[in-house]
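What follows is the content of data35.pdb (PDB, C-alpha atoms).
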ATOM      1  CA  MET A   1     -10.946  45.819 -16.320
ATOM      2  CA  ARG A   2      -9.177  47.589 -13.463
ATOM      3  CA  ARG A   3     -11.852  46.359 -11.037
ATOM      4  CA  ILE A   4     -11.424  42.792 -12.250
ATOM      5  CA  LEU A   5      -7.666  42.972 -11.750
ATOM      6  CA  LEU A   6      -8.092  44.454  -8.266
ATOM      7  CA  ALA A   7     -10.533  41.698  -7.278
ATOM      8  CA  LEU A   8      -8.105  39.080  -8.565
ATOM      9  CA  VAL A   9      -5.232  40.557  -6.561
ATOM     10  CA  LEU A  10      -7.339  40.653  -3.381
ATOM     11  CA  ALA A  11      -8.444  37.076  -3.891
ATOM     12  CA  LEU A  12      -4.904  35.844  -4.340
ATOM     13  CA  ALA A  13      -3.298  38.033  -1.676
ATOM     14  CA  PRO A  14      -3.913  35.756   1.341
ATOM     15  CA  TRP A  15      -2.260  32.844  -0.463
ATOM     16  CA  ALA A  16       0.597  34.950  -1.749
ATOM     17  CA  ALA A  17       1.258  36.197   1.784
ATOM     18  CA  LEU A  18       1.749  32.689   3.133
ATOM     19  CA  PRO A  19       5.387  31.615   3.490
ATOM     20  CA  ALA A  20       6.413  28.496   1.573
ATOM     21  CA  ALA A  21       6.695  26.508   4.828
ATOM     22  CA  ALA A  22       3.067  27.282   5.681
ATOM     23  CA  GLN A  23       1.845  26.033   2.297
ATOM     24  CA  ALA A  24       3.851  22.789   2.388
ATOM     25  CA  ARG A  25       2.495  19.705   4.092
ATOM     26  CA  PRO A  26       4.360  18.672   7.244
ATOM     27  CA  PRO A  27       6.350  15.454   6.889
ATOM     28  CA  ALA A  28       4.329  12.299   7.434
ATOM     29  CA  VAL A  29       5.720  10.201  10.298
ATOM     30  CA  ILE A  30       5.266   6.639  11.508
ATOM     31  CA  PHE A  31       6.332   6.088  15.113
ATOM     32  CA  ASP A  32       7.527   2.504  15.544
ATOM     33  CA  THR A  33       7.863   1.611  19.216
ATOM     34  CA  ASP A  34       8.050  -1.146  21.806
ATOM     35  CA  MET A  35       6.308   0.969  24.489
ATOM     36  CA  ASP A  36       9.094   1.286  27.017
ATOM     37  CA  PHE A  37       8.984   4.122  29.563
ATOM     38  CA  ASP A  38      10.889   6.522  27.291
ATOM     39  CA  ASP A  39       8.889   5.412  24.246
ATOM     40  CA  ALA A  40       5.851   6.731  26.087
ATOM     41  CA  ALA A  41       7.675  10.006  26.770
ATOM     42  CA  THR A  42       8.556  10.124  23.068
ATOM     43  CA  LEU A  43       4.918   9.688  22.085
ATOM     44  CA  ALA A  44       4.032  12.596  24.386
ATOM     45  CA  TYR A  45       6.684  14.694  22.665
ATOM     46  CA  LEU A  46       5.581  13.692  19.147
ATOM     47  CA  SER A  47       1.946  14.423  20.000
ATOM     48  CA  GLN A  48       2.907  18.032  20.642
ATOM     49  CA  GLU A  49       4.950  18.284  17.445
ATOM     50  CA  HIS A  50       1.912  16.869  15.617
ATOM     51  CA  LYS A  51      -0.461  19.388  17.168
ATOM     52  CA  ALA A  52       1.942  22.213  16.309
ATOM     53  CA  GLY A  53       1.848  21.129  12.652
ATOM     54  CA  ARG A  54       5.551  20.334  12.423
ATOM     55  CA  ILE A  55       4.858  16.662  11.666
ATOM     56  CA  ASP A  56       1.871  14.655  10.509
ATOM     57  CA  LEU A  57       1.848  11.649  12.831
ATOM     58  CA  ARG A  58       0.148   9.005  10.720
ATOM     59  CA  ALA A  59       0.551   5.858  12.794
ATOM     60  CA  ILE A  60       1.910   4.221  15.919
ATOM     61  CA  THR A  61       3.222   0.755  15.125
ATOM     62  CA  VAL A  62       4.015  -1.428  18.115
ATOM     63  CA  THR A  63       6.423  -4.343  18.221
ATOM     64  CA  ASN A  64       5.754  -6.951  20.890
ATOM     65  CA  SER A  65       9.363  -8.119  20.669
ATOM     66  CA  GLY A  66      10.829  -5.442  22.909
ATOM     67  CA  ALA A  67      10.183  -3.969  26.328
ATOM     68  CA  GLY A  68       6.401  -4.051  26.053
ATOM     69  CA  LEU A  69       4.410  -7.172  26.807
ATOM     70  CA  PRO A  70       2.179  -8.578  24.039
ATOM     71  CA  GLY A  71      -1.301  -7.145  24.450
ATOM     72  CA  ARG A  72      -0.185  -4.707  27.115
ATOM     73  CA  ALA A  73       2.048  -2.760  24.699
ATOM     74  CA  ILE A  74      -0.772  -1.943  22.291
ATOM     75  CA  ARG A  75      -3.015  -1.262  25.275
ATOM     76  CA  HIS A  76      -0.576   1.396  26.471
ATOM     77  CA  ALA A  77      -0.285   2.884  22.973
ATOM     78  CA  ARG A  78      -4.064   3.150  22.699
ATOM     79  CA  CYS A  79      -4.472   4.639  26.168
ATOM     80  CA  LEU A  80      -1.675   7.150  25.683
ATOM     81  CA  ALA A  81      -3.017   8.171  22.278
ATOM     82  CA  GLU A  82      -6.412   8.815  23.872
ATOM     83  CA  ARG A  83      -4.922  10.854  26.695
ATOM     84  CA  LEU A  84      -2.701  12.835  24.326
ATOM     85  CA  GLY A  85      -5.499  13.665  21.889
ATOM     86  CA  LEU A  86      -4.297  11.438  19.025
ATOM     87  CA  ARG A  87      -7.665   9.851  18.288
ATOM     88  CA  LYS A  88      -7.215   9.797  14.499
ATOM     89  CA  VAL A  89      -3.749   8.242  14.536
ATOM     90  CA  LEU A  90      -3.723   4.617  13.380
ATOM     91  CA  ILE A  91      -2.347   2.008  15.803
ATOM     92  CA  ALA A  92      -1.203  -1.514  14.971
ATOM     93  CA  ASP A  93       0.988  -4.171  16.559
ATOM     94  CA  ALA A  94       2.838  -7.338  15.600
ATOM     95  CA  THR A  95       4.887 -10.092  17.194
ATOM     96  CA  SER A  96       8.048 -11.313  15.489
ATOM     97  CA  ASP A  97      10.380 -14.243  16.002
ATOM     98  CA  ALA A  98      13.071 -12.173  17.727
ATOM     99  CA  PRO A  99      15.741 -14.495  19.171
ATOM    100  CA  ASN A 100      16.284 -12.592  22.415
ATOM    101  CA  THR A 101      13.877 -11.440  25.080
ATOM    102  CA  PHE A 102      13.796  -8.280  27.163
ATOM    103  CA  PRO A 103      14.318  -9.059  30.876
ATOM    104  CA  ALA A 104      10.974 -10.142  32.347
ATOM    105  CA  GLU A 105      11.388  -8.120  35.527
ATOM    106  CA  LEU A 106      11.872  -4.899  33.565
ATOM    107  CA  ARG A 107       8.946  -5.660  31.264
ATOM    108  CA  GLN A 108       6.687  -6.041  34.288
ATOM    109  CA  LEU A 109       8.061  -2.879  35.876
ATOM    110  CA  PHE A 110       7.481  -0.722  32.785
ATOM    111  CA  ASP A 111       4.013  -2.223  32.378
ATOM    112  CA  ARG A 112       3.150  -1.026  35.874
ATOM    113  CA  VAL A 113       4.626   2.411  35.159
ATOM    114  CA  LEU A 114       2.615   2.938  31.974
ATOM    115  CA  THR A 115      -0.561   1.600  33.570
ATOM    116  CA  ALA A 116      -0.153   4.201  36.306
ATOM    117  CA  ALA A 117       0.434   6.912  33.683
ATOM    118  CA  THR A 118      -2.942   6.228  32.049
ATOM    119  CA  PRO A 119      -5.357   6.218  34.996
ATOM    120  CA  GLY A 120      -8.953   5.415  34.206
ATOM    121  CA  CYS A 121      -8.225   3.913  30.808
ATOM    122  CA  PRO A 122      -9.852   0.456  30.595
ATOM    123  CA  GLY A 123      -7.423  -0.497  27.844
ATOM    124  CA  ASP A 124      -7.994  -2.687  24.820
ATOM    125  CA  GLU A 125      -5.440  -5.497  24.539
ATOM    126  CA  THR A 126      -6.914  -6.950  21.357
ATOM    127  CA  PRO A 127      -4.278  -7.340  18.630
ATOM    128  CA  SER A 128      -4.811  -5.033  15.667
ATOM    129  CA  LYS A 129      -6.625  -6.505  12.666
ATOM    130  CA  LEU A 130      -3.961  -5.117  10.351
ATOM    131  CA  ARG A 131      -0.455  -6.163  11.401
ATOM    132  CA  ALA A 132       2.053  -3.389  12.005
ATOM    133  CA  PRO A 133       4.333  -4.243   9.022
ATOM    134  CA  ASP A 134       1.279  -4.302   6.736
ATOM    135  CA  LEU A 135       0.182  -0.889   7.998
ATOM    136  CA  ILE A 136       3.693   0.469   7.412
ATOM    137  CA  ARG A 137       3.663  -0.844   3.834
ATOM    138  CA  LYS A 138       0.195   0.601   3.234
ATOM    139  CA  LEU A 139       1.189   4.055   4.431
ATOM    140  CA  LEU A 140       4.473   4.021   2.505
ATOM    141  CA  ARG A 141       2.629   3.093  -0.688
ATOM    142  CA  ALA A 142       0.244   5.987  -0.182
ATOM    143  CA  ARG A 143       2.955   8.530   0.708
ATOM    144  CA  PRO A 144       6.469   7.414  -0.246
ATOM    145  CA  ALA A 145       7.956  10.483   1.469
ATOM    146  CA  THR A 146       6.824   9.186   4.864
ATOM    147  CA  GLN A 147       9.511   8.986   7.542
ATOM    148  CA  ILE A 148       9.861   6.367  10.270
ATOM    149  CA  ILE A 149      11.070   7.111  13.782
ATOM    150  CA  ALA A 150      11.880   3.764  15.409
ATOM    151  CA  THR A 151      12.666   3.485  19.110
ATOM    152  CA  GLY A 152      12.568  -0.252  19.705
ATOM    153  CA  PRO A 153      13.859  -3.379  17.963
ATOM    154  CA  LEU A 154      13.499  -2.983  14.193
ATOM    155  CA  SER A 155      11.261  -6.029  13.730
ATOM    156  CA  ASN A 156       8.327  -4.172  12.164
ATOM    157  CA  VAL A 157      10.515  -2.028   9.932
ATOM    158  CA  ALA A 158      12.425  -5.037   8.613
ATOM    159  CA  ALA A 159       9.220  -7.011   8.036
ATOM    160  CA  ALA A 160       7.830  -4.129   5.944
ATOM    161  CA  LEU A 161      10.715  -4.348   3.448
ATOM    162  CA  PRO A 162      11.102  -3.889   0.515
ATOM    163  CA  TYR A 163       8.950  -0.839   1.228
ATOM    164  CA  SER A 164      11.219   1.784   2.771
ATOM    165  CA  ALA A 165      10.671   5.159   4.372
ATOM    166  CA  SER A 166      12.247   8.239   2.823
ATOM    167  CA  ARG A 167      14.204   8.450   6.068
ATOM    168  CA  LEU A 168      14.599   6.010   8.927
ATOM    169  CA  THR A 169      15.715   7.420  12.268
ATOM    170  CA  SER A 170      16.513   4.583  14.649
ATOM    171  CA  MET A 171      17.440   4.740  18.321
ATOM    172  CA  GLY A 172      19.922   1.938  18.679
ATOM    173  CA  GLY A 173      23.456   0.756  18.377
ATOM    174  CA  ALA A 174      26.727   1.614  20.078
ATOM    175  CA  VAL A 175      29.690   2.350  17.846
ATOM    176  CA  LYS A 176      32.586   3.688  19.908
ATOM    177  CA  VAL A 177      31.074   3.209  23.364
ATOM    178  CA  GLY A 178      30.020   0.154  25.340
ATOM    179  CA  GLY A 179      26.583  -1.390  25.140
ATOM    180  CA  ASN A 180      23.843  -1.216  27.766
ATOM    181  CA  LEU A 181      22.703  -4.793  28.356
ATOM    182  CA  CYS A 182      21.832  -5.268  31.989
ATOM    183  CA  CYS A 183      19.357  -6.545  34.508
ATOM    184  CA  GLY A 184      19.216 -10.263  33.867
ATOM    185  CA  THR A 185      20.247 -10.531  30.251
ATOM    186  CA  PRO A 186      22.029 -13.849  29.555
ATOM    187  CA  PRO A 187      25.665 -13.863  30.707
ATOM    188  CA  GLU A 188      26.974 -15.346  27.459
ATOM    189  CA  PHE A 189      26.663 -11.952  25.744
ATOM    190  CA  ASP A 190      29.639  -9.620  26.056
ATOM    191  CA  GLY A 191      27.801  -6.345  26.700
ATOM    192  CA  THR A 192      29.089  -4.558  23.589
ATOM    193  CA  GLN A 193      25.596  -4.278  22.141
ATOM    194  CA  GLU A 194      22.673  -1.923  22.720
ATOM    195  CA  PHE A 195      19.335  -3.423  23.804
ATOM    196  CA  ASN A 196      17.174  -2.684  20.738
ATOM    197  CA  TYR A 197      19.497  -4.307  18.219
ATOM    198  CA  TRP A 198      20.399  -7.185  20.544
ATOM    199  CA  LEU A 199      16.750  -8.190  20.777
ATOM    200  CA  HIS A 200      16.574  -8.842  17.028
ATOM    201  CA  PRO A 201      19.980  -8.528  15.319
ATOM    202  CA  ALA A 202      18.799  -9.796  11.922
ATOM    203  CA  ALA A 203      15.987  -7.256  11.820
ATOM    204  CA  ALA A 204      18.405  -4.486  12.771
ATOM    205  CA  ARG A 205      20.801  -5.451   9.994
ATOM    206  CA  ALA A 206      18.008  -5.724   7.417
ATOM    207  CA  ALA A 207      16.392  -2.407   8.325
ATOM    208  CA  LEU A 208      19.678  -0.513   8.447
ATOM    209  CA  THR A 209      21.344  -2.004   5.384
ATOM    210  CA  ARG A 210      18.420  -2.661   3.024
ATOM    211  CA  SER A 211      16.268   0.438   3.555
ATOM    212  CA  GLY A 212      16.055   2.442   0.355
ATOM    213  CA  GLY A 213      15.914   5.874   1.963
ATOM    214  CA  SER A 214      18.420   7.626   4.162
ATOM    215  CA  VAL A 215      19.245   6.052   7.526
ATOM    216  CA  ARG A 216      20.243   7.842  10.715
ATOM    217  CA  MET A 217      21.159   5.879  13.807
ATOM    218  CA  VAL A 218      21.008   7.697  17.141
ATOM    219  CA  SER A 219      23.416   5.402  18.947
ATOM    220  CA  LEU A 220      24.477   5.358  22.576
ATOM    221  CA  ASP A 221      27.488   7.431  21.509
ATOM    222  CA  ALA A 222      25.092  10.406  21.449
ATOM    223  CA  ALA A 223      22.193   9.178  23.604
ATOM    224  CA  ASN A 224      24.428   8.582  26.636
ATOM    225  CA  GLU A 225      24.686  12.360  26.933
ATOM    226  CA  VAL A 226      21.012  12.845  27.862
ATOM    227  CA  LEU A 227      20.851  11.297  31.315
ATOM    228  CA  ILE A 228      17.537  11.766  33.134
ATOM    229  CA  THR A 229      18.363  13.991  36.099
ATOM    230  CA  ASP A 230      16.576  15.186  39.217
ATOM    231  CA  ALA A 231      17.277  18.749  38.110
ATOM    232  CA  PHE A 232      15.276  18.282  34.919
ATOM    233  CA  ILE A 233      12.464  16.515  36.763
ATOM    234  CA  ASP A 234      12.261  19.485  39.122
ATOM    235  CA  ARG A 235      11.998  21.820  36.134
ATOM    236  CA  LEU A 236       9.269  19.661  34.627
ATOM    237  CA  ARG A 237       7.384  19.504  37.917
ATOM    238  CA  ALA A 238       7.361  23.318  38.061
ATOM    239  CA  ASP A 239       6.428  23.652  34.388
ATOM    240  CA  GLN A 240       3.814  21.150  33.213
ATOM    241  CA  SER A 241       0.701  22.669  31.700
ATOM    242  CA  THR A 242      -0.397  20.022  29.182
ATOM    243  CA  PRO A 243      -1.398  16.348  29.265
ATOM    244  CA  ALA A 244       1.858  15.576  27.443
ATOM    245  CA  ALA A 245       4.019  17.222  30.100
ATOM    246  CA  ALA A 246       1.949  15.715  32.917
ATOM    247  CA  THR A 247       2.278  12.244  31.386
ATOM    248  CA  VAL A 248       6.057  12.453  31.206
ATOM    249  CA  LEU A 249       6.225  13.749  34.775
ATOM    250  CA  GLU A 250       4.100  10.858  36.024
ATOM    251  CA  ILE A 251       6.388   8.362  34.315
ATOM    252  CA  VAL A 252       9.651   9.711  35.724
ATOM    253  CA  SER A 253       8.081  10.309  39.157
ATOM    254  CA  HIS A 254       6.853   6.737  39.533
ATOM    255  CA  PRO A 255       8.221   5.246  42.771
ATOM    256  CA  GLU A 256       9.738   2.276  40.930
ATOM    257  CA  VAL A 257      11.454   4.518  38.394
ATOM    258  CA  ARG A 258      12.962   6.958  40.874
ATOM    259  CA  PRO A 259      15.639   4.527  42.188
ATOM    260  CA  LEU A 260      16.764   3.809  38.611
ATOM    261  CA  ILE A 261      17.149   7.523  37.975
ATOM    262  CA  ALA A 262      19.015   7.958  41.256
ATOM    263  CA  ASP A 263      21.466   5.272  40.132
ATOM    264  CA  ASP A 264      22.037   7.051  36.771
ATOM    265  CA  LEU A 265      20.584   4.137  34.805
ATOM    266  CA  LEU A 266      17.933   5.889  32.713
ATOM    267  CA  TYR A 267      18.339   8.249  29.778
ATOM    268  CA  TRP A 268      16.145  10.157  27.330
ATOM    269  CA  TRP A 269      17.320   7.759  24.605
ATOM    270  CA  ASP A 270      14.136   7.718  22.540
ATOM    271  CA  PRO A 271      13.021  11.365  22.855
ATOM    272  CA  LEU A 272      16.475  12.431  21.662
ATOM    273  CA  ALA A 273      16.161  10.248  18.565
ATOM    274  CA  ALA A 274      12.699  11.614  17.802
ATOM    275  CA  MET A 275      13.800  15.204  18.296
ATOM    276  CA  SER A 276      16.769  14.713  15.981
ATOM    277  CA  ALA A 277      14.316  13.683  13.250
ATOM    278  CA  VAL A 278      12.183  16.802  13.686
ATOM    279  CA  HIS A 279      14.786  19.437  14.593
ATOM    280  CA  PRO A 280      18.318  19.164  13.182
ATOM    281  CA  GLY A 281      21.128  20.272  15.431
ATOM    282  CA  HIS A 282      20.491  18.446  18.682
ATOM    283  CA  VAL A 283      22.542  15.435  17.645
ATOM    284  CA  GLU A 284      25.888  15.555  15.888
ATOM    285  CA  PHE A 285      26.114  12.915  13.160
ATOM    286  CA  THR A 286      28.978  11.481  11.185
ATOM    287  CA  ALA A 287      28.984   9.131   8.206
ATOM    288  CA  GLY A 288      30.279   5.597   8.432
ATOM    289  CA  ARG A 289      29.794   2.134   6.973
ATOM    290  CA  LEU A 290      28.039   0.101   9.646
ATOM    291  CA  ASP A 291      27.029  -3.500   9.980
ATOM    292  CA  VAL A 292      25.330  -5.525  12.716
ATOM    293  CA  VAL A 293      26.830  -8.686  14.221
ATOM    294  CA  LEU A 294      24.236 -11.442  13.890
ATOM    295  CA  ASP A 295      25.347 -14.096  16.366
ATOM    296  CA  GLY A 296      27.799 -15.081  19.062
ATOM    297  CA  PRO A 297      28.664 -13.131  22.242
ATOM    298  CA  SER A 298      28.525  -9.804  20.347
ATOM    299  CA  ALA A 299      25.168 -10.441  18.632
ATOM    300  CA  GLY A 300      23.461  -7.124  17.988
ATOM    301  CA  ARG A 301      26.650  -5.088  18.134
ATOM    302  CA  THR A 302      27.046  -2.319  15.540
ATOM    303  CA  ILE A 303      30.485  -2.242  13.958
ATOM    304  CA  LEU A 304      32.285  -0.111  11.401
ATOM    305  CA  SER A 305      32.971  -2.342   8.421
ATOM    306  CA  PRO A 306      34.121  -1.746   4.816
ATOM    307  CA  SER A 307      31.240  -3.943   3.683
ATOM    308  CA  GLY A 308      28.653  -2.148   5.799
ATOM    309  CA  ARG A 309      25.936   0.298   4.719
ATOM    310  CA  LEU A 310      26.926   3.947   4.530
ATOM    311  CA  LEU A 311      24.699   5.771   6.999
ATOM    312  CA  SER A 312      24.806   8.555   9.573
ATOM    313  CA  TYR A 313      25.294   7.734  13.230
ATOM    314  CA  GLY A 314      25.206   9.980  16.273
ATOM    315  CA  THR A 315      28.435  10.933  17.994
ATOM    316  CA  ALA A 316      27.331  13.643  20.443
ATOM    317  CA  ALA A 317      24.265  15.460  21.729
ATOM    318  CA  ASP A 318      23.610  19.016  22.882
ATOM    319  CA  THR A 319      22.181  18.166  26.293
ATOM    320  CA  GLU A 320      21.134  21.674  27.304
ATOM    321  CA  ALA A 321      19.433  22.413  23.991
ATOM    322  CA  PHE A 322      17.665  19.042  24.059
ATOM    323  CA  GLU A 323      16.305  19.542  27.572
ATOM    324  CA  GLN A 324      15.046  23.044  26.815
ATOM    325  CA  ARG A 325      13.286  22.090  23.594
ATOM    326  CA  PHE A 326      11.872  18.944  25.207
ATOM    327  CA  LEU A 327      10.415  20.994  28.068
ATOM    328  CA  ASP A 328       9.092  23.693  25.744
ATOM    329  CA  THR A 329       7.559  21.261  23.266
ATOM    330  CA  LEU A 330       5.855  19.186  25.942
ATOM    331  CA  ASN A 331       4.225  22.408  27.154
ATOM    332  CA  GLY A 332       3.154  23.530  23.689
ATOM    333  CA  ARG A 333       5.723  26.292  23.307
ATOM    334  CA  GLY A 334       7.938  26.999  20.325
TER     335      GLY A 334
END
If you took the structure in this file and wrote it as structure tokens, what would it be?
Amino acid sequence: MRRILLALVLALAPWAALPAAAQARPPAVIFDTDMDFDDAATLAYLSQEHKAGRIDLRAITVTNSGAGLPGRAIRHARCLAERLGLRKVLIADATSDAPNTFPAELRQLFDRVLTAATPGCPGDETPSKLRAPDLIRKLLRARPATQIIATGPLSNVAAALPYSASRLTSMGGAVKVGGNLCCGTPPEFDGTQEFNYWLHPAAARAALTRSGGSVRMVSLDAANEVLITDAFIDRLRADQSTPAAATVLEIVSHPEVRPLIADDLLYWWDPLAAMSAVHPGHVEFTAGRLDVVLDGPSAGRTILSPSGRLLSYGTAADTEAFEQRFLDTLNGRG
């Protein structure tokens, strides 16, 4: 009997020794993106979090209603996934009837940047057989606890309703700071809105106010504190030992991107939002009832309103902590 008990203890010991965190499944994540330059940097970051086992990246869903060009956006997602070792991650795209269009000159510029960041990739521009909102619904049915990290207009997320993620983290909005429309956007808009929500205000309102899970909005109030600087690029250049780090360096070192950085026009908007979803503490959030203006000069603006949805929005970011974790994670540390 003693021998039987000893054998049982030895058999169970390895499992008993595992901490609870090691036995639990990492949170399932859908990355919804429009494949801008910092969306690509975010995918590089998330690929490393996925490999480290801190998230289970289930899908990349691409909206063609943002910075990425139809066909080219899913091409870049596929090529980046291949380069970053995400061969089993599902990829789908969709085009919505968003009322506003990202400036054509910037779309072409970011297409050239991401093409240069995926050298040798022939690229498949064929639309996915399963539309992005349908893939989101399918994954949410299978695992209701799945989270969504959205870094573009919320067209796909809104189209997937009434299925909702357990938590939606969205990069977008500007509550107590000005918006960031620029570079050829129509002059009739007043500039109070942030790009992602301006592109499709109705989708932003639907996703933020009708999602069943918790909602966190990483607005410009926080994201404006993570400017892309030459000092960080120098650190990255001296410390890039993985395809993820090399990809980000290639993006921010592109000759057409460098002048934008020199003019203090580019920020780590999307990587900050993604990091806040994986590691609490890098963004300071507060609760407020928010709504989205649907039309007129302020279309896409996020406003505090008694009738709005109670959600959390970013008010500040820890720039130094963000940069250090971003650098470490890209290089597979921590």
Evaluate the PyMOL selection byres ((chain A and resi 108-117) around 10) and record the selected residues as a ChimeraX atom specification, following the chain and residue labels used in the document. /A:35-38,40,67-69,72-73,75-77,79-80,83,103-107,118-123,246-257
Selected residues, C-alpha atoms, written as a CSV table (one decimal), keeping the file's coordinate frame, please.
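Result file follows (result10.csv):
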chain,number,residue,atom,x,y,z
A,35,MET,CA,6.3,1.0,24.5
A,36,ASP,CA,9.1,1.3,27.0
A,37,PHE,CA,9.0,4.1,29.6
A,38,ASP,CA,10.9,6.5,27.3
A,40,ALA,CA,5.9,6.7,26.1
A,67,ALA,CA,10.2,-4.0,26.3
A,68,GLY,CA,6.4,-4.1,26.1
A,69,LEU,CA,4.4,-7.2,26.8
A,72,ARG,CA,-0.2,-4.7,27.1
A,73,ALA,CA,2.0,-2.8,24.7
A,75,ARG,CA,-3.0,-1.3,25.3
A,76,HIS,CA,-0.6,1.4,26.5
A,77,ALA,CA,-0.3,2.9,23.0
A,79,CYS,CA,-4.5,4.6,26.2
A,80,LEU,CA,-1.7,7.2,25.7
A,83,ARG,CA,-4.9,10.9,26.7
A,103,PRO,CA,14.3,-9.1,30.9
A,104,ALA,CA,11.0,-10.1,32.3
A,105,GLU,CA,11.4,-8.1,35.5
A,106,LEU,CA,11.9,-4.9,33.6
A,107,ARG,CA,8.9,-5.7,31.3
A,118,THR,CA,-2.9,6.2,32.0
A,119,PRO,CA,-5.4,6.2,35.0
A,120,GLY,CA,-9.0,5.4,34.2
A,121,CYS,CA,-8.2,3.9,30.8
A,122,PRO,CA,-9.9,0.5,30.6
A,123,GLY,CA,-7.4,-0.5,27.8
A,246,ALA,CA,1.9,15.7,32.9
A,247,THR,CA,2.3,12.2,31.4
A,248,VAL,CA,6.1,12.5,31.2
A,249,LEU,CA,6.2,13.7,34.8
A,250,GLU,CA,4.1,10.9,36.0
A,251,ILE,CA,6.4,8.4,34.3
A,252,VAL,CA,9.7,9.7,35.7
A,253,SER,CA,8.1,10.3,39.2
A,254,HIS,CA,6.9,6.7,39.5
A,255,PRO,CA,8.2,5.2,42.8
A,256,GLU,CA,9.7,2.3,40.9
A,257,VAL,CA,11.5,4.5,38.4
Of the listed residues A:Ala262, A:Leu135, A:Ala159, A:Ala244, that which approaches His200 in chain A most closely, counting all atoms listed in the file: A:Ala159
State, in Å with one decimal place, the distance from CA of Asp318 in chain A to CA of His279 in chain A.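 Pair CA of Asp318 in chain A / CA of His279 in chain A returns 12.1 Å.
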Applying 12 Å and all atoms listed in the file, which residues near Leu272 in chain A remain after dropping the ones on its own chain fewer than 5 positions away? List them as a PDB file with C-alpha atoms, in the frame of the given file.
ATOM      1  CA  ASP A  38      10.889   6.522  27.291  1.00  0.00           C
ATOM      2  CA  ASP A  39       8.889   5.412  24.246  1.00  0.00           C
ATOM      3  CA  ALA A  41       7.675  10.006  26.770  1.00  0.00           C
ATOM      4  CA  THR A  42       8.556  10.124  23.068  1.00  0.00           C
ATOM      5  CA  LEU A  43       4.918   9.688  22.085  1.00  0.00           C
ATOM      6  CA  TYR A  45       6.684  14.694  22.665  1.00  0.00           C
ATOM      7  CA  LEU A  46       5.581  13.692  19.147  1.00  0.00           C
ATOM      8  CA  ILE A 149      11.070   7.111  13.782  1.00  0.00           C
ATOM      9  CA  ALA A 150      11.880   3.764  15.409  1.00  0.00           C
ATOM     10  CA  THR A 151      12.666   3.485  19.110  1.00  0.00           C
ATOM     11  CA  THR A 169      15.715   7.420  12.268  1.00  0.00           C
ATOM     12  CA  SER A 170      16.513   4.583  14.649  1.00  0.00           C
ATOM     13  CA  MET A 171      17.440   4.740  18.321  1.00  0.00           C
ATOM     14  CA  GLY A 172      19.922   1.938  18.679  1.00  0.00           C
ATOM     15  CA  MET A 217      21.159   5.879  13.807  1.00  0.00           C
ATOM     16  CA  VAL A 218      21.008   7.697  17.141  1.00  0.00           C
ATOM     17  CA  SER A 219      23.416   5.402  18.947  1.00  0.00           C
ATOM     18  CA  LEU A 220      24.477   5.358  22.576  1.00  0.00           C
ATOM     19  CA  ALA A 222      25.092  10.406  21.449  1.00  0.00           C
ATOM     20  CA  ALA A 223      22.193   9.178  23.604  1.00  0.00           C
ATOM     21  CA  ASN A 224      24.428   8.582  26.636  1.00  0.00           C
ATOM     22  CA  GLU A 225      24.686  12.360  26.933  1.00  0.00           C
ATOM     23  CA  VAL A 226      21.012  12.845  27.862  1.00  0.00           C
ATOM     24  CA  LEU A 227      20.851  11.297  31.315  1.00  0.00           C
ATOM     25  CA  ILE A 228      17.537  11.766  33.134  1.00  0.00           C
ATOM     26  CA  TYR A 267      18.339   8.249  29.778  1.00  0.00           C
ATOM     27  CA  ALA A 277      14.316  13.683  13.250  1.00  0.00           C
ATOM     28  CA  VAL A 278      12.183  16.802  13.686  1.00  0.00           C
ATOM     29  CA  HIS A 279      14.786  19.437  14.593  1.00  0.00           C
ATOM     30  CA  PRO A 280      18.318  19.164  13.182  1.00  0.00           C
ATOM     31  CA  GLY A 281      21.128  20.272  15.431  1.00  0.00           C
ATOM     32  CA  HIS A 282      20.491  18.446  18.682  1.00  0.00           C
ATOM     33  CA  VAL A 283      22.542  15.435  17.645  1.00  0.00           C
ATOM     34  CA  GLU A 284      25.888  15.555  15.888  1.00  0.00           C
ATOM     35  CA  GLY A 314      25.206   9.980  16.273  1.00  0.00           C
ATOM     36  CA  ALA A 316      27.331  13.643  20.443  1.00  0.00           C
ATOM     37  CA  ALA A 317      24.265  15.460  21.729  1.00  0.00           C
ATOM     38  CA  ASP A 318      23.610  19.016  22.882  1.00  0.00           C
ATOM     39  CA  THR A 319      22.181  18.166  26.293  1.00  0.00           C
ATOM     40  CA  GLU A 320      21.134  21.674  27.304  1.00  0.00           C
ATOM     41  CA  ALA A 321      19.433  22.413  23.991  1.00  0.00           C
ATOM     42  CA  PHE A 322      17.665  19.042  24.059  1.00  0.00           C
ATOM     43  CA  GLU A 323      16.305  19.542  27.572  1.00  0.00           C
ATOM     44  CA  GLN A 324      15.046  23.044  26.815  1.00  0.00           C
ATOM     45  CA  ARG A 325      13.286  22.090  23.594  1.00  0.00           C
ATOM     46  CA  PHE A 326      11.872  18.944  25.207  1.00  0.00           C
TER      47      PHE A 326
END
I need the residue set behind the PyMOL selection byres ((chain A and resi 194) around 8) for this file; please write it as a short mmCIF file (atom, residue, chain, number, x, y, z; two decimals) with C-alpha atoms, keeping the file's coordinate frame.
data_model
loop_
_atom_site.label_atom_id
_atom_site.label_comp_id
_atom_site.auth_asym_id
_atom_site.auth_seq_id
_atom_site.Cartn_x
_atom_site.Cartn_y
_atom_site.Cartn_z
CA GLY A 172 19.92 1.94 18.68
CA GLY A 173 23.46 0.76 18.38
CA ALA A 174 26.73 1.61 20.08
CA GLY A 179 26.58 -1.39 25.14
CA ASN A 180 23.84 -1.22 27.77
CA LEU A 181 22.70 -4.79 28.36
CA GLY A 191 27.80 -6.34 26.70
CA THR A 192 29.09 -4.56 23.59
CA GLN A 193 25.60 -4.28 22.14
CA PHE A 195 19.34 -3.42 23.80
CA ASN A 196 17.17 -2.68 20.74
CA TYR A 197 19.50 -4.31 18.22
CA TRP A 198 20.40 -7.18 20.54
CA LEU A 220 24.48 5.36 22.58
CA GLY A 300 23.46 -7.12 17.99
CA ARG A 301 26.65 -5.09 18.13
#
